[in-house]
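A.B. asks: Structure supplied as target13.cif; contents: mmCIF, C-alpha atoms and all ligand atoms.
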```cif
data_input
loop_
_atom_site.label_atom_id
_atom_site.label_comp_id
_atom_site.auth_asym_id
_atom_site.auth_seq_id
_atom_site.Cartn_x
_atom_site.Cartn_y
_atom_site.Cartn_z
CA MET L 114 52.62 62.09 29.09
CA ARG L 115 52.80 63.89 32.39
CA LEU L 116 51.88 67.56 32.74
CA LEU L 117 54.06 70.05 34.54
CA ARG L 118 52.77 70.97 37.97
CA SER L 119 52.38 74.58 36.85
CA THR L 120 50.09 73.51 33.98
CA ASP L 121 47.76 71.64 36.29
CA LEU L 122 47.83 74.46 38.81
CA ALA L 123 46.95 77.03 36.11
CA LEU L 124 43.91 74.98 35.20
CA ARG L 125 42.91 74.63 38.86
CA VAL L 126 43.12 78.40 39.35
CA LEU L 127 40.98 79.06 36.27
CA MET L 128 38.46 76.40 37.33
CA ARG L 129 38.16 77.89 40.78
CA LEU L 130 37.66 81.40 39.39
CA ALA L 131 35.14 80.16 36.84
CA VAL L 132 32.61 79.45 39.60
CA THR L 133 33.20 82.29 42.04
CA GLY L 134 30.84 84.79 40.38
CA ASP L 135 30.99 88.24 41.98
CA SER L 136 33.14 87.20 44.92
CA HIS L 137 36.81 87.67 44.12
CA PRO L 138 39.11 85.34 46.05
CA THR L 139 42.69 86.33 46.73
CA THR L 140 45.65 84.32 45.54
CA ARG L 141 46.02 83.01 49.08
CA ASP L 142 42.34 81.96 49.16
CA VAL L 143 42.84 79.97 45.95
CA SER L 144 46.09 78.39 47.11
CA THR L 145 44.61 77.22 50.41
CA ALA L 146 41.38 76.01 48.78
CA MET L 147 43.40 74.03 46.24
CA ASP L 148 45.90 72.88 48.84
CA VAL L 149 48.95 74.07 46.92
CA PRO L 150 51.81 76.33 48.08
CA TYR L 151 51.15 80.06 47.91
CA THR L 152 54.39 80.82 46.05
CA HIS L 153 53.57 78.37 43.22
CA THR L 154 50.05 79.75 42.98
CA ALA L 155 51.28 83.36 42.90
CA LYS L 156 53.68 82.54 40.05
CA VAL L 157 50.95 80.88 38.01
CA VAL L 158 48.48 83.71 38.75
CA ALA L 159 51.06 86.22 37.46
CA GLU L 160 51.47 84.20 34.26
CA LEU L 161 47.70 83.90 33.74
CA GLN L 162 47.35 87.64 34.32
CA HIS L 163 50.08 88.29 31.76
CA MET L 164 48.15 86.10 29.29
CA GLY L 165 45.02 88.19 29.88
CA LEU L 166 43.04 85.29 31.35
CA LEU L 167 42.46 86.86 34.77
CA THR L 168 42.63 90.19 36.54
CA ALA L 169 44.25 90.69 39.94
CA ARG L 170 43.37 93.73 42.05
CA ARG L 171 45.06 94.56 45.32
CA GLY L 172 43.52 95.95 48.46
CA ARG L 173 40.03 96.10 49.90
CA GLY L 174 37.46 94.86 47.42
CA GLY L 175 40.23 93.43 45.27
CA GLY L 176 41.02 89.85 44.38
CA LEU L 177 41.17 87.62 41.35
CA ALA L 178 38.59 87.47 38.58
CA LEU L 179 38.42 85.54 35.35
CA THR L 180 38.26 87.64 32.19
CA GLU L 181 35.94 86.70 29.33
CA GLU L 182 39.06 85.50 27.50
CA GLY L 183 39.84 83.28 30.48
CA ARG L 184 36.31 81.88 30.61
CA THR L 185 36.44 80.92 26.93
CA ALA L 186 40.11 79.91 26.80
CA SER L 187 40.83 76.63 25.05
CA VAL L 188 42.14 74.07 27.52
CA GLY L 189 44.40 72.68 24.79
CA ALA L 190 45.87 76.11 24.03
CA LEU L 191 46.47 76.73 27.72
CA VAL L 192 48.20 73.39 28.18
CA ARG L 193 50.36 74.02 25.09
CA ALA L 194 51.31 77.47 26.41
CA PHE L 195 52.40 76.12 29.79
CA GLU L 196 54.06 72.96 28.49
CA GLY L 197 55.96 74.65 25.66
CA GLU L 198 56.63 73.30 22.21
CA GLY L 199 59.05 70.55 23.12
CA ASP L 200 58.75 66.88 22.22
CA VAL L 201 57.77 64.37 24.89
CA VAL L 202 61.23 62.79 24.59
CA ASP L 203 64.43 64.77 24.27
CA CYS L 204 65.95 62.98 21.27
CA GLU L 205 68.63 65.61 20.61
CA GLY L 206 70.03 65.64 24.10
CA THR L 207 70.63 68.58 26.39
CA SER L 208 73.64 70.42 27.77
CA THR L 209 74.14 67.49 30.15
CA THR L 210 72.95 64.51 28.08
CA ALA L 211 74.07 63.13 24.73
CA PRO L 212 71.75 62.89 21.71
CA CYS L 213 70.01 59.56 21.24
CA PRO L 214 71.97 57.46 18.71
CA LEU L 215 68.69 56.55 16.95
CA SER L 216 67.64 60.14 16.33
CA PRO L 217 68.72 60.30 12.63
CA ALA L 218 66.25 57.54 11.66
CA CYS L 219 63.97 56.63 14.52
CA GLY L 220 60.62 54.98 13.87
CA LEU L 221 59.32 55.87 17.31
CA ARG L 222 59.87 59.61 17.17
CA GLY L 223 57.16 60.36 14.62
CA ALA L 224 54.65 58.14 16.44
CA LEU L 225 55.29 59.99 19.69
CA ARG L 226 54.77 63.33 17.95
CA ARG L 227 51.45 62.13 16.52
CA ALA L 228 50.40 60.84 19.95
CA GLN L 229 51.30 64.20 21.49
CA GLU L 230 49.26 66.04 18.87
CA ALA L 231 46.29 63.70 19.47
CA PHE L 232 46.54 64.50 23.18
CA TYR L 233 46.31 68.24 22.48
CA ALA L 234 43.63 67.77 19.84
CA THR L 235 41.42 66.16 22.51
CA LEU L 236 41.82 69.19 24.78
CA ASP L 237 41.62 71.89 22.08
CA PRO L 238 37.80 72.05 21.76
CA LEU L 239 37.26 72.24 25.53
CA ILE L 240 36.99 75.64 27.19
CA VAL L 241 37.34 76.45 30.87
CA ALA L 242 33.56 76.75 31.28
CA ASP L 243 33.20 73.14 30.01
CA ILE L 244 35.47 71.64 32.63
CA VAL L 245 33.58 73.18 35.56
CA ALA L 246 30.19 71.92 34.43
CA GLY L 247 28.22 69.14 36.12
CA PRO L 248 29.31 67.85 39.54
CA THR L 249 32.59 69.76 39.34
CA ARG L 250 30.84 73.10 39.98
CA PRO L 251 29.39 72.29 43.43
CA LEU L 252 32.63 70.59 44.36
CA LEU L 253 34.60 73.75 43.49
CA LEU L 254 32.09 75.95 45.31
CA GLY L 255 32.41 73.79 48.41
CA LEU L 256 36.16 74.33 48.61
CA SER L 257 36.57 77.07 51.14
CA PRO L 258 39.89 78.37 52.32
CA LYS L 259 41.17 76.39 55.28
CA PRO L 260 41.59 78.39 58.50
S1 LIG L 301 64.50 56.15 20.54
FE1 LIG L 301 63.68 57.60 19.05
S2 LIG L 301 62.09 58.72 20.20
FE2 LIG L 301 63.41 57.70 21.72
S3 LIG L 301 64.98 59.26 22.21
FE3 LIG L 301 65.80 57.97 20.54
S4 LIG L 301 65.27 59.13 18.67
FE4 LIG L 301 63.98 59.92 20.30
#
```
Written as structure tokens, how would this file's structure read?

C.D. replies:
Amino acid sequence: MRLLRSTDLALRVLMRLAVTGDSHPTTRDVSTAMDVPYTHTAKVVAELQHMGLLTARRGRGGGLALTEEGRTASVGALVRAFEGEGDVVDCEGTSTTAPCPLSPACGLRGALRRAQEAFYATLDPLIVADIVAGPTRPLLLGLSPKP
């Protein structure tokens, strides 16, 4: 199973903000520190703001800050929200592909669904604060925006 780039980026943004304390980096600060394009970061930041996981203030003294909801957000719930509810394989086809001929009675489909649920179940109990603990924290703090 491979995560969408936006899912990984959302987690990176939250991880970065989880260690910044009272300093509030801008979206550009986060994008350069994480070495990802500004436009992708801005899109993800807007989505996280909409979900209530961070605040974004413009102007002098502004910047991004994690909300309490963001700090305690379940990693599994966040990944589900960004990945959507779809199956890992598109058995029913799309507007450009035909349905799989095995879909009416496939022995693999159920196993893949259970594997997908096990994947999320592993992430569900983790919160953002958990994934910045240990050596990850100093690593995140050492990431400064590139000139
Ligand atoms: S083989 Fe089974 S799991 Fe794979 S696409 Fe076909 S119906 Fe879906």

A.B. asks: May I have the residues within 12 Å of ligand LIG 301 (chain L), computed using all atoms listed in the file, as an NGL selection string?

C.D. replies: :L and (200-207 or 210-228)

A.B. asks: Taking all atoms listed in the file into account, produce a table as CSV in which each residue of region 174-250 of chain L with an atom at most 10 Å from an atom of region 161-165 of chain L appears once, together with its shortest atom pair and the distance in Å to one decimal, ordered by chain and rising number.

C.D. replies:
```
residue,atom,partner,partner_atom,distance
L:Leu177,CA,L:Gln162,CA,9.4
L:Ala178,CA,L:Gln162,CA,9.7
L:Leu179,CA,L:Gly165,CA,9.0
L:Thr180,CA,L:Gly165,CA,7.2
L:Glu181,CA,L:Gly165,CA,9.2
L:Glu182,CA,L:Gly165,CA,7.0
L:Gly183,CA,L:Gly165,CA,7.2
L:Leu191,CA,L:Leu161,CA,9.4
L:Ala194,CA,L:Met164,CA,9.6
L:Phe195,CA,L:Leu161,CA,9.9
```

A.B. asks: L:Val245, L:Leu256, L:Ala169, L:Leu116: which is nearest Thr140 (chain L), counting only C-alpha atoms?

C.D. replies: L:Ala169

A.B. asks: So which one's closest to Tyr233 (chain L), L:Leu252, L:Val132, L:Leu166, L:Ala190? Using all atoms listed in the file, please.

C.D. replies: L:Ala190

A.B. asks: Give the answer as one residue: which of L:His137, L:Arg193, L:Arg170, L:Arg250 has the shortest atom-to-atom distance to Asp121 (chain L), using only C-alpha atoms?

C.D. replies: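 Of the candidates, the smallest distance to Asp121 (chain L) is held by L:Arg193.
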
A.B. asks: Between CA of His153 (chain L) and CA of Ser119 (chain L), what is the distance in Å, rounded to a tenth?

C.D. replies: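 We find that CA of His153 (chain L) and CA of Ser119 (chain L) lie 7.5 Å from each other.
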
A.B. asks: Separation of CA of Thr154 (chain L) and CA of Thr235 (chain L), in Å?

C.D. replies: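 Straight-line distance from CA of Thr154 (chain L) to CA of Thr235 (chain L) works out to 26.0 Å.
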
A.B. asks: Given the choices L:Met147, L:Val157, L:Val188, L:Ala234, which gets closest to Gly255 (chain L) if the distance is worked out from all atoms listed in the file?

C.D. replies: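 Looking at the shortest contact to Gly255 (chain L), the residue is L:Met147.
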
A.B. asks: Determine, counting only C-alpha atoms, which protein, DNA and RNA residues have an atom within 10 Å of an atom of Gly174 (chain L); residues of the same chain fewer than 2 positions away are not included. Present the result as a list in words.

C.D. replies: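 Once the nearby chain positions are removed, what remains is Ser136, His137, Pro138, Arg170, Arg171, Gly172 and Gly176 of chain L.
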
A.B. asks: From the set L:Leu117, L:Ala131, L:Val126, L:Ala159, which residue has the shortest atom-to-atom contact distance to Pro251 (chain L), counting only C-alpha atoms?

C.D. replies: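 The answer is L:Ala131, which sits nearest to Pro251 (chain L).
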
A.B. asks: Hey, which of L:Pro150, L:Ser187, L:Pro248, L:Gln229 ends up closest to Gly199 (chain L)? Count all atoms listed in the file.

C.D. replies: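 Residue with the minimum atom-to-atom distance to Gly199 (chain L): L:Gln229.
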
A.B. asks: Just need the box for region 118-128 of chain L, edges along x, y and z, holding every atom the file lists for it with 4 Å tacked onto each side, so centre and edge lengths in Å to one decimal, as lines of an AutoDock Vina configuration file.

C.D. replies:
```
center_x = 45.6
center_y = 75.0
center_z = 36.7
size_x = 22.3
size_y = 16.1
size_z = 13.4
```

A.B. asks: Record the distance separating CA of Leu253 (chain L) and CA of Arg129 (chain L), expressed in Å with one decimal.

C.D. replies: 6.1 Å
